[in-house]
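Novice: You'll find start25.pdb just under this line, and it carries PDB, C-alpha atoms.
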```
ATOM      1  CA  MET A   3     -15.725 229.319 258.387
ATOM      2  CA  ARG A   4     -16.049 225.868 259.987
ATOM      3  CA  LYS A   5     -14.489 225.527 263.422
ATOM      4  CA  LEU A   6     -12.388 222.407 264.050
ATOM      5  CA  LEU A   7     -10.814 221.037 267.222
ATOM      6  CA  VAL A   8      -7.391 219.455 266.607
ATOM      7  CA  ILE A   9      -6.285 216.965 269.276
ATOM      8  CA  ASP A  10      -2.692 215.747 268.950
ATOM      9  CA  ASP A  11       0.131 215.522 271.480
ATOM     10  CA  SER A  12       2.750 216.143 268.792
ATOM     11  CA  PRO A  13       3.585 219.838 268.231
ATOM     12  CA  THR A  14       5.004 218.851 264.855
ATOM     13  CA  SER A  15       1.762 217.201 263.840
ATOM     14  CA  ARG A  16      -0.333 220.156 265.063
ATOM     15  CA  ALA A  17       1.904 222.550 263.112
ATOM     16  CA  ILE A  18       1.514 220.432 259.980
ATOM     17  CA  VAL A  19      -2.287 220.484 260.311
ATOM     18  CA  GLU A  20      -2.146 224.264 260.765
ATOM     19  CA  ARG A  21       0.006 224.649 257.658
ATOM     20  CA  LEU A  22      -2.234 222.384 255.557
ATOM     21  CA  ILE A  23      -5.703 223.663 256.443
ATOM     22  CA  GLY A  24      -5.253 226.720 258.656
ATOM     23  CA  ALA A  25      -6.427 229.004 255.873
ATOM     24  CA  THR A  26      -9.521 226.911 255.144
ATOM     25  CA  TYR A  27     -10.865 226.230 258.620
ATOM     26  CA  GLU A  28     -10.781 227.935 262.004
ATOM     27  CA  LEU A  29      -8.585 225.667 264.128
ATOM     28  CA  VAL A  30      -8.353 225.261 267.879
ATOM     29  CA  SER A  31      -5.498 222.927 268.857
ATOM     30  CA  VAL A  32      -4.982 221.043 272.112
ATOM     31  CA  ALA A  33      -2.287 218.563 273.137
ATOM     32  CA  GLY A  34      -4.342 215.919 274.903
ATOM     33  CA  GLY A  35      -7.641 214.267 275.660
ATOM     34  CA  ALA A  36      -8.401 216.040 278.935
ATOM     35  CA  ALA A  37      -7.946 219.487 277.388
ATOM     36  CA  ALA A  38     -10.026 218.392 274.428
ATOM     37  CA  LEU A  39     -12.992 217.300 276.530
ATOM     38  CA  GLU A  40     -12.873 220.624 278.371
ATOM     39  CA  ALA A  41     -12.753 222.548 275.096
ATOM     40  CA  ILE A  42     -15.730 220.637 273.713
ATOM     41  CA  GLU A  43     -17.813 221.570 276.756
ATOM     42  CA  ALA A  44     -16.776 225.221 276.541
ATOM     43  CA  GLN A  45     -16.989 225.858 272.791
ATOM     44  CA  ARG A  46     -18.996 224.755 269.798
ATOM     45  CA  PHE A  47     -17.094 222.848 267.104
ATOM     46  CA  ASP A  48     -18.169 221.567 263.710
ATOM     47  CA  LEU A  49     -15.727 218.659 263.698
ATOM     48  CA  VAL A  50     -12.915 217.028 265.678
ATOM     49  CA  LEU A  51      -9.564 215.870 264.291
ATOM     50  CA  LEU A  52      -8.282 213.268 266.733
ATOM     51  CA  ASP A  53      -4.932 211.508 267.099
ATOM     52  CA  LEU A  54      -4.995 208.065 268.737
ATOM     53  CA  LEU A  55      -1.660 207.632 270.487
ATOM     54  CA  MET A  56      -1.467 210.268 273.224
ATOM     55  CA  PRO A  57       0.179 210.068 276.652
ATOM     56  CA  ASP A  58      -2.566 211.551 278.803
ATOM     57  CA  MET A  59      -5.540 209.681 277.361
ATOM     58  CA  ASP A  60      -5.829 207.071 274.615
ATOM     59  CA  GLY A  61      -7.522 208.531 271.562
ATOM     60  CA  LYS A  62     -10.074 205.706 271.484
ATOM     61  CA  ILE A  63     -11.194 206.683 274.987
ATOM     62  CA  VAL A  64     -11.438 210.322 273.905
ATOM     63  CA  LEU A  65     -13.538 209.202 270.944
ATOM     64  CA  VAL A  66     -15.923 207.269 273.174
ATOM     65  CA  ARG A  67     -16.281 210.206 275.577
ATOM     66  CA  ILE A  68     -16.994 212.613 272.727
ATOM     67  CA  LYS A  69     -19.592 210.322 271.201
ATOM     68  CA  GLU A  70     -21.246 209.845 274.603
ATOM     69  CA  SER A  71     -21.538 213.560 275.302
ATOM     70  CA  HIS A  72     -21.825 214.947 271.738
ATOM     71  CA  PRO A  73     -22.993 212.191 269.389
ATOM     72  CA  GLU A  74     -23.738 214.786 266.717
ATOM     73  CA  LEU A  75     -20.101 215.938 266.537
ATOM     74  CA  PRO A  76     -18.234 214.281 263.626
ATOM     75  CA  VAL A  77     -14.788 212.888 264.410
ATOM     76  CA  VAL A  78     -11.964 212.256 261.942
ATOM     77  CA  ILE A  79      -9.187 210.023 263.244
ATOM     78  CA  MET A  80      -5.700 210.946 262.014
ATOM     79  CA  THR A  81      -3.107 208.356 262.968
ATOM     80  CA  ALA A  82       0.128 206.718 261.884
ATOM     81  CA  ASP A  83      -1.380 203.353 262.856
ATOM     82  CA  ILE A  84      -2.139 201.521 259.616
ATOM     83  CA  GLN A  85      -3.519 198.344 261.185
ATOM     84  CA  ASP A  86      -6.750 197.100 259.643
ATOM     85  CA  SER A  87      -7.931 196.206 263.156
ATOM     86  CA  THR A  88      -7.454 199.801 264.343
ATOM     87  CA  ARG A  89      -9.515 201.177 261.459
ATOM     88  CA  ALA A  90     -12.309 198.698 262.179
ATOM     89  CA  LYS A  91     -12.213 199.531 265.881
ATOM     90  CA  VAL A  92     -12.423 203.328 265.598
ATOM     91  CA  LEU A  93     -15.153 203.156 262.975
ATOM     92  CA  SER A  94     -17.126 200.834 265.247
ATOM     93  CA  LEU A  95     -16.704 203.360 268.049
ATOM     94  CA  GLY A  96     -18.336 206.058 265.961
ATOM     95  CA  ALA A  97     -15.551 207.854 264.095
ATOM     96  CA  GLU A  98     -16.770 209.050 260.708
ATOM     97  CA  VAL A  99     -13.451 208.658 258.878
ATOM     98  CA  MET A 100      -9.900 207.482 259.615
ATOM     99  CA  ILE A 101      -6.901 208.758 257.654
ATOM    100  CA  ASN A 102      -3.251 207.843 258.023
ATOM    101  CA  LYS A 103      -0.303 210.120 258.635
ATOM    102  CA  PRO A 104       1.603 211.663 257.029
ATOM    103  CA  LEU A 105      -1.188 214.052 256.202
ATOM    104  CA  LEU A 106      -1.666 215.593 252.796
ATOM    105  CA  LYS A 107      -3.771 218.682 252.229
ATOM    106  CA  ASP A 108      -6.130 217.031 249.759
ATOM    107  CA  ASN A 109      -6.553 213.853 251.800
ATOM    108  CA  LEU A 110      -7.187 215.780 254.980
ATOM    109  CA  THR A 111      -9.640 218.182 253.375
ATOM    110  CA  ASP A 112     -11.460 215.322 251.642
ATOM    111  CA  ALA A 113     -11.762 213.443 254.955
ATOM    112  CA  ILE A 114     -13.110 216.521 256.727
ATOM    113  CA  GLU A 115     -15.655 217.295 254.020
ATOM    114  CA  LEU A 116     -16.694 213.629 253.841
ATOM    115  CA  ALA A 117     -17.265 213.544 257.597
ATOM    116  CA  LEU A 118     -19.189 216.822 257.553
ATOM    117  CA  GLY A 119     -21.274 215.561 254.650
ATOM    118  CA  ARG A 120     -22.055 212.278 256.343
ATOM    119  CA  HIS A 121     -23.079 214.090 259.472
ATOM    120  CA  ALA A 122     -25.278 216.490 257.509
ATOM    121  CA  GLY A 123     -26.818 213.543 255.689
ATOM    122  CA  ALA A 124     -27.492 211.717 258.923
ATOM    123  CA  SER A 125     -29.158 214.815 260.372
ATOM    124  CA  ASP A 126     -31.512 215.303 257.407
TER     125      ASP A 126
ATOM    126  CA  MET B   8      16.177 180.941 265.141
ATOM    127  CA  PHE B   9      14.310 181.559 261.897
ATOM    128  CA  ASP B  10      14.138 178.696 259.465
ATOM    129  CA  THR B  11      14.777 179.490 255.819
ATOM    130  CA  GLN B  12      11.085 179.715 254.949
ATOM    131  CA  SER B  13      10.281 182.058 257.834
ATOM    132  CA  LEU B  14      13.314 184.214 257.133
ATOM    133  CA  ALA B  15      12.266 184.596 253.503
ATOM    134  CA  ALA B  16       8.724 185.527 254.570
ATOM    135  CA  MET B  17      10.019 187.995 257.154
ATOM    136  CA  THR B  18      12.378 189.565 254.628
ATOM    137  CA  GLU B  19       9.512 189.946 252.168
ATOM    138  CA  LEU B  20       7.288 191.581 254.765
ATOM    139  CA  ILE B  21      10.019 193.894 255.998
ATOM    140  CA  GLY B  22      10.705 194.853 252.391
ATOM    141  CA  ILE B  23       7.047 195.778 251.866
ATOM    142  CA  GLY B  24       7.015 197.681 255.160
ATOM    143  CA  VAL B  25      10.206 199.576 254.392
ATOM    144  CA  GLY B  26       8.792 200.419 250.982
ATOM    145  CA  ARG B  27       5.735 201.878 252.660
ATOM    146  CA  ALA B  28       8.000 203.735 255.096
ATOM    147  CA  GLY B  29       9.831 205.192 252.122
ATOM    148  CA  GLU B  30       6.568 206.374 250.636
ATOM    149  CA  VAL B  31       5.548 208.110 253.852
ATOM    150  CA  LEU B  32       8.986 209.693 254.247
ATOM    151  CA  ASN B  33       8.701 210.908 250.694
ATOM    152  CA  THR B  34       5.352 212.475 251.542
ATOM    153  CA  MET B  35       6.650 214.045 254.768
ATOM    154  CA  LEU B  36       9.768 215.477 253.188
ATOM    155  CA  GLY B  37       8.320 216.480 249.847
ATOM    156  CA  SER B  38      11.434 215.008 248.357
ATOM    157  CA  HIS B  39      12.329 211.817 246.584
ATOM    158  CA  VAL B  40      13.545 209.136 248.987
ATOM    159  CA  ARG B  41      15.563 206.226 247.730
ATOM    160  CA  LEU B  42      15.828 203.136 249.890
ATOM    161  CA  SER B  43      18.415 200.418 249.745
ATOM    162  CA  VAL B  44      17.217 196.834 249.920
ATOM    163  CA  PRO B  45      16.939 196.188 253.653
ATOM    164  CA  SER B  46      19.142 193.523 255.180
ATOM    165  CA  LEU B  47      17.714 191.499 258.024
ATOM    166  CA  ARG B  48      19.575 189.653 260.757
ATOM    167  CA  GLU B  49      18.495 188.038 263.971
ATOM    168  CA  VAL B  50      20.890 188.887 266.762
ATOM    169  CA  PRO B  51      21.046 187.652 270.364
ATOM    170  CA  VAL B  52      20.855 190.633 272.713
ATOM    171  CA  GLY B  53      24.297 189.929 274.163
ATOM    172  CA  GLU B  54      25.900 190.239 270.751
ATOM    173  CA  LEU B  55      24.148 193.379 269.592
ATOM    174  CA  ALA B  56      26.773 195.881 270.710
ATOM    175  CA  ALA B  57      29.418 193.958 268.797
ATOM    176  CA  THR B  58      27.090 193.727 265.791
ATOM    177  CA  LEU B  59      26.666 197.498 265.748
ATOM    178  CA  GLY B  60      30.460 197.631 265.744
ATOM    179  CA  GLY B  61      31.778 200.964 264.589
ATOM    180  CA  ARG B  62      28.704 202.727 265.836
ATOM    181  CA  SER B  63      29.122 201.620 269.433
ATOM    182  CA  THR B  64      30.649 204.915 270.557
ATOM    183  CA  ASP B  65      28.918 207.222 268.093
ATOM    184  CA  SER B  66      26.288 209.713 269.177
ATOM    185  CA  LEU B  67      22.939 208.307 268.115
ATOM    186  CA  SER B  68      19.381 209.613 268.094
ATOM    187  CA  ALA B  69      16.534 207.147 268.224
ATOM    188  CA  VAL B  70      12.793 206.840 268.517
ATOM    189  CA  GLU B  71      11.510 203.863 270.482
ATOM    190  CA  MET B  72       7.995 202.490 270.406
ATOM    191  CA  GLU B  73       6.851 199.539 272.512
ATOM    192  CA  PHE B  74       4.141 197.180 271.374
ATOM    193  CA  LYS B  75       2.107 194.406 272.898
ATOM    194  CA  GLY B  76      -0.659 192.127 271.714
ATOM    195  CA  ASP B  77      -0.082 189.106 269.500
ATOM    196  CA  PHE B  78       3.650 189.885 269.809
ATOM    197  CA  THR B  79       5.382 191.783 272.589
ATOM    198  CA  GLY B  80       8.487 193.855 272.104
ATOM    199  CA  CYS B  81       9.658 197.231 270.927
ATOM    200  CA  ALA B  82      11.001 198.831 267.806
ATOM    201  CA  GLU B  83      13.604 201.534 267.366
ATOM    202  CA  LEU B  84      14.423 203.818 264.485
ATOM    203  CA  VAL B  85      18.061 204.808 264.943
ATOM    204  CA  PHE B  86      20.026 207.562 263.225
ATOM    205  CA  ALA B  87      23.506 208.944 263.697
ATOM    206  CA  SER B  88      22.836 212.257 265.449
ATOM    207  CA  ALA B  89      24.222 214.311 262.565
ATOM    208  CA  ASP B  90      21.878 212.515 260.158
ATOM    209  CA  ALA B  91      18.956 213.066 262.515
ATOM    210  CA  SER B  92      19.702 216.782 262.572
ATOM    211  CA  ARG B  93      19.674 216.975 258.788
ATOM    212  CA  LEU B  94      16.375 215.110 258.678
ATOM    213  CA  VAL B  95      14.811 217.413 261.276
ATOM    214  CA  ASP B  96      16.086 220.477 259.390
ATOM    215  CA  VAL B  97      14.360 219.335 256.203
ATOM    216  CA  ILE B  98      11.035 218.733 257.961
ATOM    217  CA  THR B  99      11.015 221.840 260.151
ATOM    218  CA  ALA B 100      11.773 223.991 257.113
ATOM    219  CA  GLU B 101       8.343 222.906 255.880
ATOM    220  CA  VAL B 102       6.579 223.874 259.109
ATOM    221  CA  PRO B 103       8.046 227.226 260.193
ATOM    222  CA  SER B 104       5.265 227.732 262.743
ATOM    223  CA  LEU B 105       6.845 225.140 265.053
ATOM    224  CA  GLU B 106       7.647 226.764 268.372
ATOM    225  CA  GLY B 107       9.896 225.712 271.229
ATOM    226  CA  ASP B 108      13.566 225.242 271.977
ATOM    227  CA  LEU B 109      15.747 223.409 269.511
ATOM    228  CA  ASP B 110      15.984 220.210 271.565
ATOM    229  CA  SER B 111      12.234 219.847 272.028
ATOM    230  CA  VAL B 112      11.532 220.592 268.368
ATOM    231  CA  ARG B 113      14.190 218.068 267.386
ATOM    232  CA  ALA B 114      12.830 215.391 269.738
ATOM    233  CA  GLY B 115       9.222 216.029 268.779
ATOM    234  CA  THR B 116       9.899 216.001 265.068
ATOM    235  CA  LEU B 117      11.973 212.814 265.244
ATOM    236  CA  CYS B 118       9.256 211.159 267.335
ATOM    237  CA  GLU B 119       6.715 211.989 264.653
ATOM    238  CA  VAL B 120       8.987 210.565 261.943
ATOM    239  CA  GLY B 121       9.639 207.460 264.037
ATOM    240  CA  ASN B 122       5.963 207.042 264.782
ATOM    241  CA  ILE B 123       5.065 207.048 261.100
ATOM    242  CA  VAL B 124       7.999 204.939 259.885
ATOM    243  CA  LEU B 125       7.742 202.270 262.612
ATOM    244  CA  ASN B 126       3.970 202.075 262.182
ATOM    245  CA  ALA B 127       4.456 201.579 258.446
ATOM    246  CA  ILE B 128       6.720 198.593 259.015
ATOM    247  CA  LEU B 129       4.973 196.987 261.986
ATOM    248  CA  GLY B 130       1.515 197.664 260.563
ATOM    249  CA  THR B 131       2.447 196.005 257.287
ATOM    250  CA  ILE B 132       3.627 192.890 259.114
ATOM    251  CA  VAL B 133       0.586 192.540 261.368
ATOM    252  CA  ASN B 134      -1.891 193.234 258.560
ATOM    253  CA  GLU B 135      -0.297 190.542 256.410
ATOM    254  CA  VAL B 136      -0.189 187.888 259.117
ATOM    255  CA  GLY B 137      -3.571 188.802 260.613
ATOM    256  CA  ALA B 138      -2.198 189.920 263.967
ATOM    257  CA  GLU B 139      -3.028 192.923 266.172
ATOM    258  CA  LEU B 140      -0.785 195.174 268.259
ATOM    259  CA  GLU B 141      -1.217 198.021 270.714
ATOM    260  CA  TYR B 142       1.493 200.674 270.620
ATOM    261  CA  SER B 143       2.933 202.901 273.311
ATOM    262  CA  VAL B 144       3.592 206.601 272.732
ATOM    263  CA  PRO B 145       6.969 206.876 270.956
ATOM    264  CA  ILE B 146       9.855 208.271 272.988
ATOM    265  CA  TYR B 147      13.031 210.039 271.906
ATOM    266  CA  LEU B 148      16.387 208.623 272.995
ATOM    267  CA  HIS B 149      19.858 210.071 272.626
ATOM    268  CA  GLY B 150      23.237 208.515 273.423
ATOM    269  CA  THR B 151      25.591 205.757 272.363
ATOM    270  CA  ALA B 152      24.401 202.373 271.123
ATOM    271  CA  LYS B 153      25.001 201.028 274.626
ATOM    272  CA  ASP B 154      22.844 203.796 276.126
ATOM    273  CA  LEU B 155      20.038 203.068 273.694
ATOM    274  CA  LEU B 156      20.168 199.346 274.352
ATOM    275  CA  SER B 157      20.032 199.877 278.092
ATOM    276  CA  ALA B 158      16.841 201.866 277.574
ATOM    277  CA  VAL B 159      15.042 198.951 275.928
ATOM    278  CA  ALA B 160      12.215 198.377 278.336
ATOM    279  CA  VAL B 161      11.179 194.879 277.386
ATOM    280  CA  GLY B 162      13.171 191.815 278.379
ATOM    281  CA  ALA B 163      14.041 191.019 274.805
ATOM    282  CA  ASP B 164      15.904 187.832 274.037
ATOM    283  CA  PHE B 165      16.342 188.354 270.340
ATOM    284  CA  ILE B 166      16.560 191.347 268.086
ATOM    285  CA  ILE B 167      15.586 191.454 264.478
ATOM    286  CA  LEU B 168      17.974 194.055 263.152
ATOM    287  CA  VAL B 169      16.926 195.624 259.892
ATOM    288  CA  SER B 170      19.429 197.888 258.230
ATOM    289  CA  THR B 171      18.437 200.173 255.452
ATOM    290  CA  ARG B 172      19.641 203.418 253.977
ATOM    291  CA  PHE B 173      17.448 206.380 253.252
ATOM    292  CA  GLU B 174      18.816 208.695 250.607
ATOM    293  CA  ILE B 175      17.059 212.025 250.509
ATOM    294  CA  GLU B 176      18.159 213.907 247.412
ATOM    295  CA  SER B 177      21.307 215.858 248.227
ATOM    296  CA  ILE B 178      21.531 214.860 251.894
ATOM    297  CA  ALA B 179      22.385 211.268 252.769
ATOM    298  CA  VAL B 180      20.607 210.021 255.853
ATOM    299  CA  ASP B 181      21.481 206.604 257.234
ATOM    300  CA  GLY B 182      18.868 204.894 259.322
ATOM    301  CA  ASP B 183      18.668 201.564 261.125
ATOM    302  CA  ILE B 184      15.494 199.896 262.253
ATOM    303  CA  ALA B 185      15.702 197.412 265.116
ATOM    304  CA  ILE B 186      12.800 195.257 266.240
ATOM    305  CA  PHE B 187      13.255 193.725 269.689
ATOM    306  CA  LEU B 188      11.221 190.619 270.493
ATOM    307  CA  THR B 189      10.817 188.485 273.569
ATOM    308  CA  LEU B 190      11.462 184.787 273.056
ATOM    309  CA  GLY B 191       7.741 183.979 273.234
ATOM    310  CA  ALA B 192       6.955 186.697 270.725
ATOM    311  CA  PHE B 193       9.703 185.385 268.492
ATOM    312  CA  ASP B 194       8.044 181.948 268.434
ATOM    313  CA  ASP B 195       4.597 183.475 267.846
ATOM    314  CA  LEU B 196       5.927 185.515 264.966
ATOM    315  CA  LYS B 197       7.663 182.509 263.414
ATOM    316  CA  GLU B 198       4.394 180.580 263.511
ATOM    317  CA  ALA B 199       2.506 183.483 261.940
ATOM    318  CA  LEU B 200       5.169 183.751 259.239
ATOM    319  CA  ARG B 201       4.858 180.053 258.449
ATOM    320  CA  ARG B 202       1.113 180.544 257.962
ATOM    321  CA  PHE B 203       1.815 183.601 255.792
ATOM    322  CA  ALA B 204       4.412 181.751 253.704
ATOM    323  CA  ASN B 205       2.036 178.820 253.181
ATOM    324  CA  GLY B 206      -0.687 181.171 251.986
TER     325      GLY B 206
END
```
Take the structure in the file and give it back as structure tokens.

Specialist:
Amino acid sequence: MRKLLVIDDSPTSRAIVERLIGATYELVSVAGGAAALEAIEAQRFDLVLLDLLMPDMDGKIVLVRIKESHPELPVVIMTADIQDSTRAKVLSLGAEVMINKPLLKDNLTDAIELALGRHAGASD
Amino acid sequence: MFDTQSLAAMTELIGIGVGRAGEVLNTMLGSHVRLSVPSLREVPVGELAATLGGRSTDSLSAVEMEFKGDFTGCAELVFASADASRLVDVITAEVPSLEGDLDSVRAGTLCEVGNIVLNAILGTIVNEVGAELEYSVPIYLHGTAKDLLSAVAVGADFIILVSTRFEIESIAVDGDIAIFLTLGAFDDLKEALRRFANG
């Protein structure tokens, strides 16, 4: 089973992710960027699900840090921010996919599998 | 103040944004959401309490999100507290794994709803007019209309008050959306709307 790190300050959002894909993937959830960076150093993950708007560390900064230290780790951005400029920005920073909240099981699973596939393709 | 052309453009954009908000609420709640046509008024800050009228002493629950960038201000999604409770009950019934005391679950769930709904409306506006905003983390507020207004962090001069009604199947949930703008932001937005209206 693939192991995913879920980074979101909202307990509601983390619970929704757990309900949608908890049976499909092994999930480790943290509430902020600092905890996430620690978790990534301590454990091996196949993919990161990352919120953008978090009080302890902006998600874009977390994204940059992850890509600096673990460029091979695919990142899916999950955000309520629907701005075209935000999508362009996070993709330019190295995120594989960005999806908008509210999350749906199919959309979330498709985004995860797309990101994993892109990463696998890039590694071949 | 908005001229007729800008007001029409703003009303159109708000309508699109509220429609998108309805879609996302529908998705979150797993239930059909009907929206009334939103009404839009620009209100000087000093007159807002009177504008809210009968709600001035009611217990309200709100989510506030500040924004800066091409426009500076903040937006609030405001519910009567009883309506907010019904909304939270519907959502938390779908995610029974939520842990924590009732107040924190209520605040967290409303913040998530506010985050998604306010982003739907603001994001629609900025995408259409080619602007860009940075958002703050949404915060939960509780109190009377006067309490909520005193919590508005930006020195807003004008408020664009959007009133709409969300009807969620058997439960009726009233919601108001207020967008607070500084005077400079108000002028910037009017200019952007003129460009939008002129294609």

Novice: Taking the file above as input, evaluate the ChimeraX specification (/B :<7) & /A and report the hits as a PyMOL selection string.

Specialist: chain A and resi 12-14+17-18+21+55-57+82-87+103-104

Novice: Extending 8 Å beyond the listed atoms of region 15-27 of chain B on each side, what axis-aligned box results? I want centre and edge lengths in Å to one decimal, as lines of an AutoDock Vina configuration file.

Specialist:
```
center_x = 9.1
center_y = 193.2
center_z = 254.1
size_x = 22.6
size_y = 33.3
size_z = 22.2
```

Novice: Using Å and a single decimal, report how far CA of Ser68 (chain B) sits from CA of Glu49 (chain B).

Specialist: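 CA of Glu49 (chain B) sits 22.0 Å away from CA of Ser68 (chain B).
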
Novice: I'd like the neighbourhood of Ala185 (chain B) as JSON, numbers by chain, where a residue qualifies if any of its atoms comes within 8 Å (using all atoms listed in the file), though same-chain residues fewer than 6 positions away should be ignored.

Specialist: {"B": [82, 83, 84, 85, 166, 167, 168, 169, 170]}

Novice: On this structure, which residues satisfy the PyMOL selection byres ((chain A and resi 76) around 8), written as a PyMOL selection string?

Specialist: chain A and resi 48-50+73-75+77-78+97-98+117-118+121

Novice: Pick out the closest residue to Leu196 (chain B) from this set: B:Ser88, B:Ser43, B:Ser66, B:Thr79. Count only C-alpha atoms.

Specialist: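 Closest candidate: B:Thr79.
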
Novice: Between CA of Thr18 (chain B) and CA of Ala192 (chain B), what is the spacing in Å?

Specialist: 17.2 Å

Novice: Name the residues in contact with Ala38 (chain A) at a cut-off of 8 Å, using all atoms listed in the file, excluding same-chain residues fewer than 5 positions from it; report them as a ChimeraX atom specification.

Specialist: /A:7,9,32-33

Novice: Scan for residues within 12 Å of the point (7.7, 197.2, 247.5) in the coordinates of the file, using all atoms listed in the file, and reply as a PyMOL selection string.

Specialist: chain B and resi 18-30+41-45+128+131

Novice: For Gly35 (chain A), which residue among A:Asp108, A:Glu20, A:Asp11, A:Glu115 is the nearest when counting only C-alpha atoms?

Specialist: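 Counting only C-alpha atoms, the residue closest to Gly35 (chain A) is A:Asp11.
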
Novice: What is the distance, in Å and to one decimal place, between CA of Leu51 (chain A) and CA of Arg120 (chain A)?

Specialist: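 Going from CA of Leu51 (chain A) over to CA of Arg120 (chain A) covers 15.2 Å.
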
Novice: List every protein, DNA or RNA residue with an atom no more than 8 Å from (-12.9, 229.9, 262.9) in the file's coordinates, counting all atoms listed in the file, and format the result as an MDAnalysis selection string.

Specialist: chainID A and resid 3:6 27:29

Novice: Would you output that residue set with C-alpha atoms, as a PDB file, keeping the file's coordinate frame?

Specialist:
```
ATOM      1  CA  MET A   3     -15.725 229.319 258.387  1.00  0.00           C
ATOM      2  CA  ARG A   4     -16.049 225.868 259.987  1.00  0.00           C
ATOM      3  CA  LYS A   5     -14.489 225.527 263.422  1.00  0.00           C
ATOM      4  CA  LEU A   6     -12.388 222.407 264.050  1.00  0.00           C
ATOM      5  CA  TYR A  27     -10.865 226.230 258.620  1.00  0.00           C
ATOM      6  CA  GLU A  28     -10.781 227.935 262.004  1.00  0.00           C
ATOM      7  CA  LEU A  29      -8.585 225.667 264.128  1.00  0.00           C
TER       8      LEU A  29
END
```

Novice: Would you list the contacts of Ala36 (chain A) as a short mmCIF file (atom, residue, chain, number, x, y, z; two decimals) with C-alpha atoms, in the coordinates of the input, taking every protein, DNA or RNA residue within 9 Å and counting all atoms listed in the file, but skipping same-chain residues closer than 4 positions in sequence?

Specialist:
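So result-v8.cif came out as:
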```
data_model
loop_
_atom_site.label_atom_id
_atom_site.label_comp_id
_atom_site.auth_asym_id
_atom_site.auth_seq_id
_atom_site.Cartn_x
_atom_site.Cartn_y
_atom_site.Cartn_z
CA GLU A 40 -12.87 220.62 278.37
CA ALA A 41 -12.75 222.55 275.10
CA ASP A 58 -2.57 211.55 278.80
CA MET A 59 -5.54 209.68 277.36
CA VAL A 64 -11.44 210.32 273.90
#
```
